[in-house]
$ cat upload-v2.csv   # CSV, C-alpha atoms
chain,number,residue,atom,x,y,z
T,937,MET,CA,129.8,47.6,56.0
T,938,ALA,CA,126.3,46.2,56.8
T,939,GLU,CA,124.6,47.8,59.7
T,940,THR,CA,123.3,45.6,62.5
T,941,LEU,CA,119.6,45.4,62.6
T,942,THR,CA,117.7,46.6,65.6
T,943,PRO,CA,115.9,43.8,67.5
T,944,THR,CA,112.5,45.1,66.5
T,945,ALA,CA,113.1,44.2,62.9
T,946,LEU,CA,114.4,40.7,63.1
T,947,THR,CA,112.6,38.7,60.4
T,948,LEU,CA,113.8,36.4,57.7
T,949,LYS,CA,113.2,39.1,55.1
T,950,ASP,CA,115.5,41.5,57.0
T,951,ILE,CA,118.2,38.9,57.3
T,952,ALA,CA,117.9,38.3,53.5
T,953,ARG,CA,118.1,42.0,52.8
T,954,GLU,CA,121.1,42.6,55.0
T,955,ALA,CA,123.0,39.6,53.5
T,956,GLY,CA,122.0,40.7,50.0
T,957,VAL,CA,120.4,37.4,49.1
T,958,SER,CA,116.9,36.0,48.5
T,959,LEU,CA,114.5,34.7,51.1
T,960,ALA,CA,114.9,31.2,49.6
T,961,THR,CA,118.7,31.4,50.0
T,962,VAL,CA,118.3,32.2,53.7
T,963,ASP,CA,115.9,29.3,54.1
T,964,ARG,CA,118.4,27.0,52.5
T,965,VAL,CA,121.2,28.1,54.8
T,966,LEU,CA,119.1,27.8,57.9
T,967,HIS,CA,118.2,24.2,57.0
T,968,ASN,CA,121.6,23.3,55.6
T,969,ARG,CA,120.3,22.5,52.2
T,970,PRO,CA,122.7,22.3,49.2
T,971,GLY,CA,123.0,24.7,46.3
T,972,VAL,CA,124.4,27.8,48.1
T,973,ARG,CA,127.9,29.0,47.5
T,974,PRO,CA,130.3,28.9,50.5
T,975,ASP,CA,130.9,32.6,50.5
T,976,THR,CA,127.1,33.2,50.5
T,977,VAL,CA,126.6,30.8,53.3
T,978,GLN,CA,129.2,32.7,55.4
T,979,ARG,CA,127.5,36.0,54.6
T,980,VAL,CA,124.1,34.8,55.7
T,981,LYS,CA,125.5,33.2,58.8
T,982,ALA,CA,127.4,36.4,59.7
T,983,ALA,CA,124.1,38.4,59.4
T,984,ILE,CA,122.3,35.9,61.6
T,985,GLU,CA,125.1,35.9,64.2
T,986,ARG,CA,125.4,39.7,64.2
T,987,ASN,CA,121.8,40.1,65.0
T,988,SER,CA,121.4,37.1,67.3
T,989,PHE,CA,118.6,35.9,65.1
T,990,GLN,CA,116.7,32.9,66.2
T,991,PRO,CA,113.9,32.1,63.7
T,992,HIS,CA,112.1,29.6,65.8
T,993,VAL,CA,112.2,31.3,69.1
T,994,ALA,CA,108.9,33.0,68.8
T,995,ALA,CA,107.1,29.8,67.7
T,996,ALA,CA,108.7,27.9,70.6
T,997,GLU,CA,107.6,30.5,73.2
T,998,LEU,CA,104.1,30.6,71.9
T,999,ALA,CA,104.0,26.8,72.0
T,1000,ARG,CA,105.1,26.8,75.6
T,1001,GLY,CA,102.3,29.3,76.4
T,1002,ARG,CA,104.6,30.9,79.0
T,1003,ALA,CA,104.7,34.7,79.3
T,1004,ARG,CA,107.5,36.2,81.3
T,1005,ARG,CA,107.9,39.5,83.0
T,1006,PHE,CA,111.2,41.3,83.5
T,1007,ALA,CA,111.9,44.5,85.5
T,1008,PHE,CA,114.8,46.9,84.9
T,1009,VAL,CA,115.6,48.9,88.1
T,1010,MET,CA,117.2,52.1,86.7
T,1011,PRO,CA,118.5,55.4,88.2
T,1012,SER,CA,116.0,58.2,88.5
T,1013,GLY,CA,117.1,61.6,87.1
T,1014,PRO,CA,118.5,62.8,83.8
T,1015,ASN,CA,121.4,60.4,83.2
T,1016,PRO,CA,121.8,60.4,79.4
T,1017,PHE,CA,123.5,57.0,79.3
T,1018,MET,CA,120.8,55.3,81.4
T,1019,GLN,CA,118.2,57.1,79.3
T,1020,GLN,CA,119.8,55.5,76.2
T,1021,ILE,CA,119.5,52.0,77.7
T,1022,GLU,CA,115.8,52.7,78.5
T,1023,ALA,CA,115.3,53.9,74.9
T,1024,TYR,CA,116.8,50.7,73.5
T,1025,LEU,CA,114.5,48.6,75.7
T,1026,GLY,CA,111.6,50.5,74.2
T,1027,GLU,CA,112.8,49.7,70.7
T,1028,MET,CA,112.8,46.0,71.5
T,1029,SER,CA,109.1,45.9,72.0
T,1030,ALA,CA,108.4,43.7,68.9
T,1031,TRP,CA,111.2,41.4,69.7
T,1032,LEU,CA,109.9,41.0,73.3
T,1033,ALA,CA,106.3,40.5,72.2
T,1034,ALA,CA,107.4,37.7,69.8
T,1035,ARG,CA,108.8,35.9,72.8
T,1036,ARG,CA,105.9,36.6,75.2
T,1037,LEU,CA,108.1,38.9,77.3
T,1038,SER,CA,107.2,42.2,78.9
T,1039,VAL,CA,109.8,44.6,80.4
T,1040,GLU,CA,109.0,47.4,82.7
T,1041,THR,CA,111.4,50.0,84.0
T,1042,VAL,CA,111.4,51.0,87.7
T,1043,ALA,CA,113.1,54.4,88.5
T,1044,THR,CA,114.7,54.8,91.9
T,1045,ASP,CA,117.5,56.7,93.6
T,1046,VAL,CA,120.3,54.2,93.2
T,1047,PHE,CA,122.5,56.4,95.4
T,1048,ASP,CA,120.2,55.7,98.3
T,1049,ALA,CA,120.7,52.1,99.6
T,1050,SER,CA,117.4,52.1,101.5
T,1051,ALA,CA,115.4,53.3,98.5
T,1052,LEU,CA,117.1,50.9,96.1
T,1053,ALA,CA,116.6,47.9,98.4
T,1054,ALA,CA,113.0,48.8,98.9
T,1055,SER,CA,112.5,48.9,95.1
T,1056,LEU,CA,114.0,45.5,94.8
T,1057,GLU,CA,112.0,44.1,97.7
T,1058,ALA,CA,108.8,45.4,96.1
T,1059,LEU,CA,109.5,43.2,93.0
T,1060,SER,CA,109.6,39.9,95.0
T,1061,GLY,CA,107.2,37.3,93.6
T,1062,ASP,CA,106.2,39.7,90.8
T,1063,CYS,CA,108.8,39.2,88.2
T,1064,ASP,CA,110.7,36.3,86.5
T,1065,GLY,CA,113.8,38.4,86.2
T,1066,VAL,CA,115.3,41.7,87.4
T,1067,ALA,CA,118.1,43.7,86.0
T,1068,VAL,CA,119.4,46.3,88.4
T,1069,VAL,CA,121.9,49.2,88.3
T,1070,ALA,CA,123.1,48.4,91.8
T,1071,LEU,CA,124.8,50.2,94.7
T,1072,ASP,CA,127.3,47.9,96.4
T,1073,HIS,CA,125.8,48.1,99.9
T,1074,PRO,CA,124.8,45.4,102.5
T,1075,ALA,CA,121.1,46.4,102.2
T,1076,VAL,CA,121.1,46.1,98.4
T,1077,ARG,CA,123.1,42.8,98.6
T,1078,ALA,CA,120.5,41.4,101.0
T,1079,ALA,CA,117.6,42.5,98.7
T,1080,ILE,CA,119.2,40.8,95.7
T,1081,ASN,CA,119.8,37.6,97.7
T,1082,ASP,CA,116.2,37.6,98.8
T,1083,LEU,CA,115.0,37.9,95.2
T,1084,VAL,CA,117.3,35.0,94.2
T,1085,ASP,CA,116.0,32.9,97.1
T,1086,ALA,CA,112.5,33.6,95.9
T,1087,GLY,CA,113.3,32.2,92.5
T,1088,THR,CA,113.8,35.4,90.6
T,1089,LYS,CA,116.7,35.6,88.1
T,1090,VAL,CA,118.8,38.7,88.9
T,1091,VAL,CA,121.3,40.4,86.6
T,1092,THR,CA,123.4,43.4,87.7
T,1093,LEU,CA,123.7,46.0,84.9
T,1094,VAL,CA,126.5,48.6,84.5
T,1095,SER,CA,127.4,48.4,88.2
T,1096,ASP,CA,128.0,45.1,89.9
T,1097,VAL,CA,127.5,43.6,93.4
T,1098,PRO,CA,129.8,40.6,93.1
T,1099,SER,CA,129.4,39.6,96.8
T,1100,SER,CA,125.7,39.0,96.2
T,1101,ARG,CA,124.2,35.9,94.7
T,1102,ARG,CA,123.2,37.6,91.5
T,1103,HIS,CA,123.3,35.3,88.6
T,1104,HIS,CA,125.3,37.4,86.1
T,1105,TYR,CA,126.8,40.9,85.5
T,1106,VAL,CA,126.3,42.7,82.3
T,1107,GLY,CA,128.7,45.6,81.8
T,1108,ILE,CA,132.2,46.6,81.0
T,1109,ASP,CA,135.4,45.9,82.9
T,1110,ASN,CA,135.4,49.1,84.9
T,1111,ILE,CA,138.9,48.7,86.3
T,1112,ALA,CA,140.2,48.5,82.7
T,1113,ALA,CA,138.1,51.6,81.9
T,1114,GLY,CA,139.6,53.5,84.7
T,1115,ARG,CA,143.1,52.5,83.7
T,1116,THR,CA,142.3,53.6,80.2
T,1117,ALA,CA,141.2,57.0,81.5
T,1118,GLY,CA,144.3,57.3,83.6
T,1119,ALA,CA,146.5,56.6,80.6
T,1120,LEU,CA,144.7,59.2,78.5
T,1121,VAL,CA,144.8,61.9,81.1
T,1122,GLY,CA,148.5,61.3,81.8
T,1123,ARG,CA,149.6,61.2,78.2
T,1124,LEU,CA,147.4,64.2,77.1
T,1125,VAL,CA,148.8,66.3,80.0
T,1126,GLY,CA,152.2,65.7,78.6
T,1127,GLN,CA,155.2,67.2,80.3
T,1128,ARG,CA,153.2,69.4,82.6
T,1129,SER,CA,153.1,68.7,86.3
T,1130,GLY,CA,150.2,69.5,88.6
T,1131,LYS,CA,147.0,68.1,90.1
T,1132,VAL,CA,144.3,65.9,88.7
T,1133,ALA,CA,140.6,66.1,89.8
T,1134,ILE,CA,138.1,63.2,89.9
T,1135,VAL,CA,134.4,63.7,89.9
T,1136,ALA,CA,132.3,60.6,90.5
T,1137,GLY,CA,128.6,59.9,91.2
T,1138,SER,CA,129.3,57.9,94.3
T,1139,GLN,CA,132.1,55.6,95.4
T,1140,GLY,CA,129.4,53.3,96.7
T,1141,LEU,CA,128.6,52.4,93.1
T,1142,ARG,CA,130.9,49.5,92.2
T,1143,ASP,CA,131.5,50.7,88.6
T,1144,HIS,CA,132.6,54.2,89.9
T,1145,ALA,CA,134.8,52.7,92.6
T,1146,GLU,CA,136.5,50.3,90.2
T,1147,ARG,CA,137.1,53.0,87.6
T,1148,ILE,CA,138.7,55.2,90.3
T,1149,PHE,CA,140.8,52.3,91.5
T,1150,GLY,CA,142.1,51.7,87.9
T,1151,PHE,CA,142.7,55.4,87.3
T,1152,ASN,CA,144.7,55.8,90.5
T,1153,GLN,CA,146.7,52.7,89.7
T,1154,VAL,CA,147.9,54.2,86.5
T,1155,MET,CA,148.5,57.7,88.0
T,1156,ALA,CA,150.6,56.3,90.8
T,1157,THR,CA,152.8,54.0,88.7
T,1158,GLU,CA,153.1,55.9,85.4
T,1159,PHE,CA,152.7,59.6,86.1
T,1160,PRO,CA,154.4,60.5,89.4
T,1161,ASP,CA,154.5,64.2,88.5
T,1162,LEU,CA,150.7,64.3,88.7
T,1163,SER,CA,149.0,64.4,92.1
T,1164,VAL,CA,145.4,63.1,92.3
T,1165,LEU,CA,143.1,65.1,94.5
T,1166,PRO,CA,140.4,63.5,96.7
T,1167,VAL,CA,137.3,62.4,94.9
T,1168,LEU,CA,134.3,64.7,94.6
T,1169,GLU,CA,130.9,62.9,94.7
T,1170,GLY,CA,128.4,64.7,92.6
T,1171,ARG,CA,125.7,62.0,92.6
T,1172,ASP,CA,125.7,62.2,88.7
T,1173,GLU,CA,123.8,65.6,89.1
T,1174,ASP,CA,124.8,68.5,87.0
T,1175,ASP,CA,124.3,71.3,89.6
T,1176,ARG,CA,126.1,69.4,92.4
T,1177,SER,CA,129.0,68.5,90.1
T,1178,GLU,CA,129.3,72.0,88.9
T,1179,GLN,CA,129.3,73.5,92.4
T,1180,LEU,CA,131.8,71.0,93.8
T,1181,LEU,CA,134.2,71.3,90.8
T,1182,GLY,CA,133.9,75.1,90.7
T,1183,GLN,CA,135.0,75.2,94.4
T,1184,LEU,CA,137.9,72.9,93.7
T,1185,LEU,CA,139.1,74.8,90.7
T,1186,GLY,CA,139.0,78.0,92.8
T,1187,SER,CA,141.2,76.4,95.4
T,1188,HIS,CA,143.8,74.8,93.0
T,1189,ALA,CA,145.2,76.9,90.2
T,1190,ASP,CA,147.5,74.0,89.2
T,1191,ILE,CA,144.8,71.5,88.2
T,1192,VAL,CA,145.9,70.1,84.8
T,1193,GLY,CA,143.7,67.0,84.4
T,1194,LEU,CA,140.1,65.9,85.1
T,1195,TYR,CA,138.4,62.5,85.1
T,1196,ASN,CA,134.6,62.5,85.2
T,1197,VAL,CA,133.8,59.0,86.3
T,1198,GLY,CA,130.0,59.0,85.7
T,1199,ALA,CA,127.3,61.5,84.6
T,1200,GLY,CA,127.0,65.2,85.6
T,1201,THR,CA,129.0,66.0,82.5
T,1202,GLN,CA,127.2,69.2,81.7
T,1203,GLY,CA,127.9,70.6,85.2
T,1204,VAL,CA,131.5,69.6,85.0
T,1205,ALA,CA,131.9,71.3,81.6
T,1206,LYS,CA,130.2,74.4,82.9
T,1207,ALA,CA,132.5,74.6,85.9
T,1208,LEU,CA,135.5,74.4,83.6
T,1209,SER,CA,134.1,77.1,81.3
T,1210,GLU,CA,133.2,79.5,84.0
T,1211,ALA,CA,136.7,79.2,85.5
T,1212,GLY,CA,138.1,79.9,82.0
T,1213,ARG,CA,140.0,76.6,82.0
T,1214,ASP,CA,138.0,74.6,79.6
T,1215,LYS,CA,140.8,74.6,77.1
T,1216,GLN,CA,143.6,74.2,79.7
T,1217,VAL,CA,142.5,71.2,81.7
T,1218,VAL,CA,142.6,67.8,80.0
T,1219,PHE,CA,139.1,66.4,80.4
T,1220,VAL,CA,138.3,62.7,80.0
T,1221,GLY,CA,134.9,61.2,80.7
T,1222,HIS,CA,132.5,58.4,79.8
T,1223,ASP,CA,129.9,57.6,77.1
T,1224,VAL,CA,129.0,59.1,73.7
T,1225,THR,CA,125.8,61.2,74.1
T,1226,ALA,CA,124.5,64.3,72.4
T,1227,LEU,CA,126.2,66.3,75.1
T,1228,THR,CA,129.6,64.6,75.1
T,1229,ARG,CA,129.6,64.6,71.3
T,1230,ARG,CA,129.2,68.4,71.4
T,1231,LEU,CA,131.9,68.9,74.1
T,1232,LEU,CA,134.3,66.7,72.1
T,1233,LEU,CA,133.7,68.8,68.9
T,1234,GLN,CA,134.2,72.0,70.8
T,1235,GLY,CA,137.5,70.8,72.3
T,1236,VAL,CA,136.2,71.1,75.9
T,1237,MET,CA,136.3,67.4,76.4
T,1238,ASP,CA,139.4,65.5,75.1
T,1239,ALA,CA,138.2,61.9,75.2
T,1240,ALA,CA,135.2,59.7,76.1
T,1241,ILE,CA,135.4,56.1,77.1
T,1242,SER,CA,132.4,54.6,75.3
T,1243,GLN,CA,130.3,51.5,76.0
T,1244,ASN,CA,127.4,50.5,73.8
T,1245,PRO,CA,124.0,51.1,75.6
T,1246,GLY,CA,122.1,49.2,73.0
T,1247,HIS,CA,124.3,46.1,73.4
T,1248,GLU,CA,123.9,46.3,77.2
T,1249,ALA,CA,120.1,46.6,77.0
T,1250,ARG,CA,119.9,43.6,74.6
T,1251,ALA,CA,122.5,41.6,76.5
T,1252,ALA,CA,120.7,42.0,79.8
T,1253,VAL,CA,117.4,40.8,78.3
T,1254,ARG,CA,119.0,37.9,76.5
T,1255,VAL,CA,120.8,36.8,79.7
T,1256,LEU,CA,117.6,37.0,81.8
T,1257,LEU,CA,115.8,35.0,79.1
T,1258,ALA,CA,118.5,32.4,79.0
T,1259,LEU,CA,118.5,32.1,82.8
T,1260,ALA,CA,114.7,31.8,82.9
T,1261,ARG,CA,114.8,29.0,80.3
T,1262,GLY,CA,117.7,27.3,81.9
T,1263,GLU,CA,119.9,27.8,78.8
T,1264,PRO,CA,123.6,28.6,78.7
T,1265,ILE,CA,124.7,32.2,78.5
T,1266,LEU,CA,126.8,33.0,75.5
T,1267,ARG,CA,129.5,34.9,77.4
T,1268,GLU,CA,131.5,36.1,74.5
T,1269,GLN,CA,128.4,37.4,72.7
T,1270,GLU,CA,127.3,39.3,75.9
T,1271,LYS,CA,130.8,40.7,76.7
T,1272,ILE,CA,130.6,44.5,76.6
T,1273,ARG,CA,133.6,46.2,75.1
T,1274,ILE,CA,134.9,49.7,75.6
T,1275,ASP,CA,136.1,52.2,72.9
T,1276,ILE,CA,138.1,55.4,73.1
T,1277,VAL,CA,136.3,58.2,71.3
T,1278,MET,CA,137.9,61.5,70.5
T,1279,ARG,CA,136.9,64.4,68.3
T,1280,ASP,CA,138.6,63.0,65.2
T,1281,ASN,CA,137.0,59.5,65.4
T,1282,LEU,CA,133.5,60.4,66.6
T,1283,PRO,CA,131.0,57.8,65.3

$ encode --input "upload-v2.csv" --output "structure tokens"
Amino acid sequence: MAETLTPTALTLKDIAREAGVSLATVDRVLHNRPGVRPDTVQRVKAAIERNSFQPHVAAAELARGRARRFAFVMPSGPNPFMQQIEAYLGEMSAWLAARRLSVETVATDVFDASALAASLEALSGDCDGVAVVALDHPAVRAAINDLVDAGTKVVTLVSDVPSSRRHHYVGIDNIAAGRTAGALVGRLVGQRSGKVAIVAGSQGLRDHAERIFGFNQVMATEFPDLSVLPVLEGRDEDDRSEQLLGQLLGSHADIVGLYNVGAGTQGVAKALSEAGRDKQVVFVGHDVTALTRRLLLQGVMDAAISQNPGHEARAAVRVLLALARGEPILREQEKIRIDIVMRDNLP
């Protein structure tokens, strides 16, 4: 299967190479000229669509003479998934430059509503578009609305604030992700009864709250022999998550399942190992990173609900660009899917 090109490499030559045709053939397909077999046309068009290739975009942007600046407001701290998104933004530098775009990342404490709101307020009048991993809080909602009122295009990324006037949300269906996690924990626990622990970053983050809601829905309706314990809030920090879960494991010998809603995965795994229960407790979490890959291979973690950080980074930029140009958003293209990853199907 052909591998999708990274946005930094999108040229006619690359499309030709991926489709296995000549540069002249790609040119014929782009201009609807005759002389190309139907199956070849489909192959070229598939490569173009797969990579969202727009051959005349760069020339059009240069002709407009309009440079645009976007800001991505991201969580501070060592969150591996968020670091993956930032890394993909870095890989897009050539794609961005060709469209006269610049993207900067702003690190802030997204668990602190005042700090996050202040970071957003500081961008007013300074950016054409802002993508933000947002806390669902009145102060953050007001800061988003102020940006929109000032003419800035705003996209929420990963975690939404639907009551704000943000223009678009880029991320997965988090309720569905939580329901998936609940089904996995319940089925993998099997015939055992007992308690289930939940570790989240913060219930103030909409994505975490929605995942917990979906998880509890499935637990309550499908697995009545499993009792869900109150949510621990580890702020996506390893040390805090380890400490909180360690205390909970010490208080409840009958914990048979665990759902880690966000990051802090290393701390969660360490607490399980130190309690000698890393092979007894069904452990489901999120995202495929170097750490979760290792935990899956070791059998400490049973499943990870994965979303594509590269797709999210590219989708957020493309949505902001479409909004800035007044163009329609290709909603199906920008829809973020989830995958269930276990040891035997690690990508």

$ residues_around --input "upload-v2.csv" --residues "Val1009 (chain T)" --least-positions-apart "4" --cutoff "7 Å" --atoms "only C-alpha atoms" --output "PyMOL selection string"
chain T and resi 1041-1043+1067-1069

$ closest_residue --input "upload-v2.csv" --among "T:Glu1270, T:Asp1238, T:Asp1190, T:Glu1173" --to "Val1132 (chain T)" --atoms "all atoms listed in the file"
T:Asp1190

$ closest_residue --input "upload-v2.csv" --among "T:Pro1283, T:His1222, T:Gly1118, T:Ala1079" --to "Ser1055 (chain T)" --atoms "only C-alpha atoms"
T:Ala1079

$ atom_distance --input "upload-v2.csv" --atom1 "CA of Val1121 (chain T)" --atom2 "CA of Thr1157 (chain T)"
13.6 Å

$ closest_residue --input "upload-v2.csv" --among "T:His967, T:Ser1187, T:Val1192, T:Ala1258" --to "Lys1215 (chain T)" --atoms "all atoms listed in the file"
T:Val1192

$ closest_atom_pairs --input "upload-v2.csv" --of "region 1197-1254 of chain T" --to "region 1112-1115 of chain T" --cutoff "12 Å" --atoms "only C-alpha atoms" --output "Markdown table"
| residue | atom | partner | partner_atom | distance |
| --- | --- | --- | --- | --- |
| T:Val1197 | CA | T:Gly1114 | CA | 8.2 |
| T:Gly1198 | CA | T:Gly1114 | CA | 11.1 |
| T:Val1220 | CA | T:Gly1114 | CA | 10.4 |
| T:Gly1221 | CA | T:Gly1114 | CA | 9.9 |
| T:His1222 | CA | T:Ala1113 | CA | 9.1 |
| T:Asp1223 | CA | T:Ala1113 | CA | 11.2 |
| T:Ala1240 | CA | T:Ala1113 | CA | 10.4 |
| T:Ile1241 | CA | T:Ala1113 | CA | 7.1 |
| T:Ser1242 | CA | T:Ala1113 | CA | 9.2 |
| T:Gln1243 | CA | T:Ala1113 | CA | 9.8 |

$ residues_around --input "upload-v2.csv" --residues "region 1272-1276 of chain T" --least-positions-apart "5" --cutoff "10 Å" --atoms "all atoms listed in the file" --output "list of chain:residue names"
T:Val1094, T:Val1106, T:Gly1107, T:Ile1108, T:Asp1109, T:Asn1110, T:Ala1112, T:Ala1113, T:Thr1116, T:Ala1117, T:Leu1120, T:His1222, T:Asp1223, T:Val1224, T:Ala1239, T:Ala1240, T:Ile1241, T:Ser1242, T:Gln1243, T:Asn1244, T:Pro1245, T:His1247, T:Glu1248, T:Ala1251, T:Arg1267, T:Asn1281, T:Leu1282

$ atom_distance --input "upload-v2.csv" --atom1 "CA of Val1125 (chain T)" --atom2 "CA of Ser1209 (chain T)"
18.3 Å
